Every structure is written in structure tokens, then in C-alpha cells.
Amino acid sequence: MGLRAASSKAPHPGPPATGPPSPAAGPMPYDRAMKARRLLLCLLCAVLGCHPAALQRALRAPNPPAAVSLPECEWCGAAEAPKKLHWRTRVAPEAEPGEPLVISGTVYRSDGETPAPDVILYLYQTNDAGFYPKRGDETGNGRRHGYLRSWLESDRNGRYEFATIKPGPYPGGSEPAHIHATVTEPGQPEAEIDSFVFEGDPFLTPGHLAMYRGRGGSGIVRLALDGEGVWRGTRDVVLEP
Ligand SMILES: [Fe+2]
């Protein structure tokens with residue numbers, strides 16, 4: 001299409017979109033336009049105290065890219081999920097330093113008994129040192145949450161499982177170590193649930209416990225080491241009515 005347009009004998013519709021705008025009274029001859037431009041640059045540089053060539057280069061420089069805004073919702077992530085999801089996922093890559101951890105459970109409807117299939121769980125967490133690490137190529141809320149994040153979708157029996165590392169508490173803070181989570185039921189908006197926290201965490205004080213509202217069922221997980229040195233725990237997620 002492009003080649004055919006370039007060789008067309010049809011009259012040119014006007015100046016190319018990237019060219020200089022034409023004055024309303026008609027095009028100025030090229031040499032006159034250049035002289036006028038040079039004169040304008042010299043005048044500007046006389047005022048600003050710069051070299052005309054430098055100003056010309058600055059004027060030709062492309063505009064800096066517009067700042068990319070972050071998603072309005074700070075904790076959301078379901079909209080960024082890959083198209084194909086499985087009921088099991090890995091949050092931290094296998095090479096990520098830290099103690100290996102596997103959490104599993106069942107997603108139930110609000111009656112706490114009926115398994116809920118096809119529910120998207122979005123998870124993100126700190127690394128072993130308590131930071132949300134970033135590689136610099138994150139998109140969407142990955143720019144907030146870092147690369148230790150993933151998605152899964154409960155299977156037809158409501159089952160889910162994710163492998164990761166034990167998150168570290170925020171450095172110098174008093175927050176219990178935690179894994180953030182949201183749930184998205186088919187046709188429903190994404191909802192934040194209580195973070196996964198771990199029984200025995202010294203920062204899990206009565207004050208903190210009072211802050212947890214049981215959204216998605218209790219997020220307090222008891223961990224046990226298996227024979228292969230992997231921490232394992234279970235949490236059943238109960239959806240809101
Ligand atoms: Fe956090």
C-alpha cells in the first residue's frame with residue numbers, strides 16, 4: 001500500500017504531517033524561510049546568551065516521553081494477569097534467594113462449603129530482605145509490586161497452590177512478613193483479601209491481629225517444614241457473599 005501511494009500520480013494532498021506548518025497566506029520561499037529562522041535563532045540567543053547552533057539542536061531534540069501513570073488502584077493486579085492461568089503457580093523464581101514455601105488450599109463460596117472454581121488469585125510479596133524488588137522492566141502495578149508476583153485460577157474443585165519463598169518483613173519496620181492477595185470471581189470486580197501472614201511471627205502482635213478482618217477467611221497460616229526443607233501451609237479462601 002505504501003509503495004503504491006508513493007508512485008501515485010494523484011496530486012499531493014498537502015505538506016507531510018511532519019513538515020513545517022504553512023503560513024496562512026501561502027508558502028514562504030525556502031531561502032527566505034531559512035533566513036528568517038536563522039535571524040530568529042540569533043535574536044533568541046542574544047537574549048538567552050547561548051550559541052545559535054546549540055539552540056537549534058535543542059529545538060530539534062525530540063520531546064521527552066510522557067510520564068507513564070500508575071494504575072489508580074494500588075493493590076490491584078488481576079487486569080494484568082496472563083490469559084492462560086493454572087491452579088498452581090510460582091511467585092518467586094526458583095533462583096530467588098530465600099526459604100522455599102508452598103501454600104495451598106481451596107477457594108470456597110461464602111457458605112464456606114461449596115468450592116469456587118475459576119477464581120483468580122493475584123499474589124505479590126517482598127523478597128527475603130523485605131523489599132518489593134524490581135528489575136526495571138515492570139509494567140502496570142508491577143512498578144509498585146515488583147517482580148515477585150503471580151496469578152492463578154482455582155480449578156473446578158476450588159483448589160489452588162503457589163510456590164514461592166518466605167517473604168521478609170519490611171527492614172526496620174514492625175509489620176509481620178506477609179503476602180498480599182486479591183480475588184476476582186468471574187464477572188465480579190477484584191477484591192483485596194487479608195494478606196497471608198504466618199503463625200509465630202514476632203511482629204504478629206494482638207494489635208496487628210485486630211487489624212485483620214478475615215476478608216477471604218483467616219490469612220494466618222501455620223507453617224511446617226517438610227522432609228525436603230520446604231515450608232508448607234494451607235489457607236482456605238472464603239469469598240464474600
Ligand atoms: Fe506489603
# chains A, B, ... in the order shown; residues from 1 in each chain; ligands from 1
>>> select_by_dssp(residues="range 70-156 of chain A", states="strand (DSSP E)", output="ChimeraX atom specification")
/A:88-90,100-108,120-125,149-153
>>> residues_near_ligand(ligand="ligand 1", cutoff="10 Å", atoms="only C-alpha atoms and all ligand atoms", output="list of chain:residue names")
A:Trp75, A:Tyr124, A:Gln125, A:Thr126, A:Gly130, A:Phe131, A:Tyr132, A:His145, A:Pro167, A:Pro169, A:Tyr170, A:Glu175, A:Pro176, A:Ala177, A:His178, A:Ile179, A:His180, A:Ser195
>>> write_last_selection(atoms="C-alpha atoms", output="PDB file, in the first residue's frame")
ATOM      1  CA  TRP A  75      -3.308  -3.195  45.288  1.00  0.00           C
ATOM      2  CA  TYR A 124       2.665 -10.271  45.392  1.00  0.00           C
ATOM      3  CA  GLN A 125       5.237 -10.154  48.141  1.00  0.00           C
ATOM      4  CA  THR A 126       8.573  -8.908  49.444  1.00  0.00           C
ATOM      5  CA  GLY A 130      11.803  -7.311  52.935  1.00  0.00           C
ATOM      6  CA  PHE A 131      11.795  -5.313  49.699  1.00  0.00           C
ATOM      7  CA  TYR A 132       9.466  -5.424  46.709  1.00  0.00           C
ATOM      8  CA  HIS A 145       4.622  -4.557  43.476  1.00  0.00           C
ATOM      9  CA  PRO A 167       8.727 -13.103  52.465  1.00  0.00           C
ATOM     10  CA  PRO A 169       9.440  -8.298  56.962  1.00  0.00           C
ATOM     11  CA  TYR A 170       9.987  -4.663  55.952  1.00  0.00           C
ATOM     12  CA  GLU A 175       4.899  -5.259  60.110  1.00  0.00           C
ATOM     13  CA  PRO A 176       4.625  -9.030  60.072  1.00  0.00           C
ATOM     14  CA  ALA A 177       6.007 -10.671  56.949  1.00  0.00           C
ATOM     15  CA  HIS A 178       3.143 -11.026  54.516  1.00  0.00           C
ATOM     16  CA  ILE A 179       1.986 -11.940  51.018  1.00  0.00           C
ATOM     17  CA  HIS A 180      -0.630  -9.648  49.502  1.00  0.00           C
ATOM     18  CA  SER A 195      -2.702 -10.949  53.438  1.00  0.00           C
TER      19      SER A 195
END
>>> atom_distance(atom1="CA of Tyr212 in chain A", atom2="CA of Pro97 in chain A")
28.7 Å
>>> atom_distance(atom1="CA of Gly214 in chain A", atom2="CA of Ile103 in chain A")
17.6 Å
>>> residues_around(residues="range 158-161 of chain A", least_positions_apart="4", cutoff="9 Å", atoms="only C-alpha atoms", output="PyMOL selection string")
chain A and resi 86-90+102-108+114-119+121+152-154+234+236
>>> closest_residue(among="A:Val238, A:Leu225, A:Val183, A:Ala163", to="Ala92 in chain A", atoms="only C-alpha atoms")
A:Ala163
>>> residues_around(residues="range 93-96 of chain A", least_positions_apart="3", cutoff="8 Å", atoms="only C-alpha atoms", output="list in words")
Arg90, Leu148, Thr164 and Ile165 of chain A
>>> write_last_selection(atoms="N, CA and C atoms", output="PDB file, in the first residue's frame")
ATOM      1  N   ARG A  90       3.944 -20.209  40.423  1.00  0.00           N
ATOM      2  CA  ARG A  90       5.157 -19.879  41.178  1.00  0.00           C
ATOM      3  C   ARG A  90       5.245 -18.367  41.255  1.00  0.00           C
ATOM      4  N   LEU A 148       8.105 -10.077  42.173  1.00  0.00           N
ATOM      5  CA  LEU A 148       7.658 -11.243  42.947  1.00  0.00           C
ATOM      6  C   LEU A 148       6.128 -11.220  43.018  1.00  0.00           C
ATOM      7  N   THR A 164       6.771 -20.375  46.397  1.00  0.00           N
ATOM      8  CA  THR A 164       7.473 -19.081  46.471  1.00  0.00           C
ATOM      9  C   THR A 164       8.598 -19.196  47.502  1.00  0.00           C
ATOM     10  N   ILE A 165       8.991 -18.070  48.066  1.00  0.00           N
ATOM     11  CA  ILE A 165       9.913 -18.064  49.207  1.00  0.00           C
ATOM     12  C   ILE A 165       9.193 -17.362  50.357  1.00  0.00           C
TER      13      ILE A 165
END
>>> atom_distance(atom1="CA of Leu70 in chain A", atom2="CA of Arg149 in chain A")
16.6 Å
>>> closest_residue(among="A:Gly77, A:Pro100, A:Pro133, A:Pro71", to="Trp231 in chain A", atoms="only C-alpha atoms")
A:Pro100
>>> closest_residue(among="A:Asp155, A:Ala79, A:Leu204, A:Thr184", to="Asn141 in chain A", atoms="only C-alpha atoms")
A:Ala79
>>> closest_residue(among="A:Pro241, A:Gly200, A:Pro186, A:Pro206", to="Leu223 in chain A", atoms="only C-alpha atoms")
A:Gly200
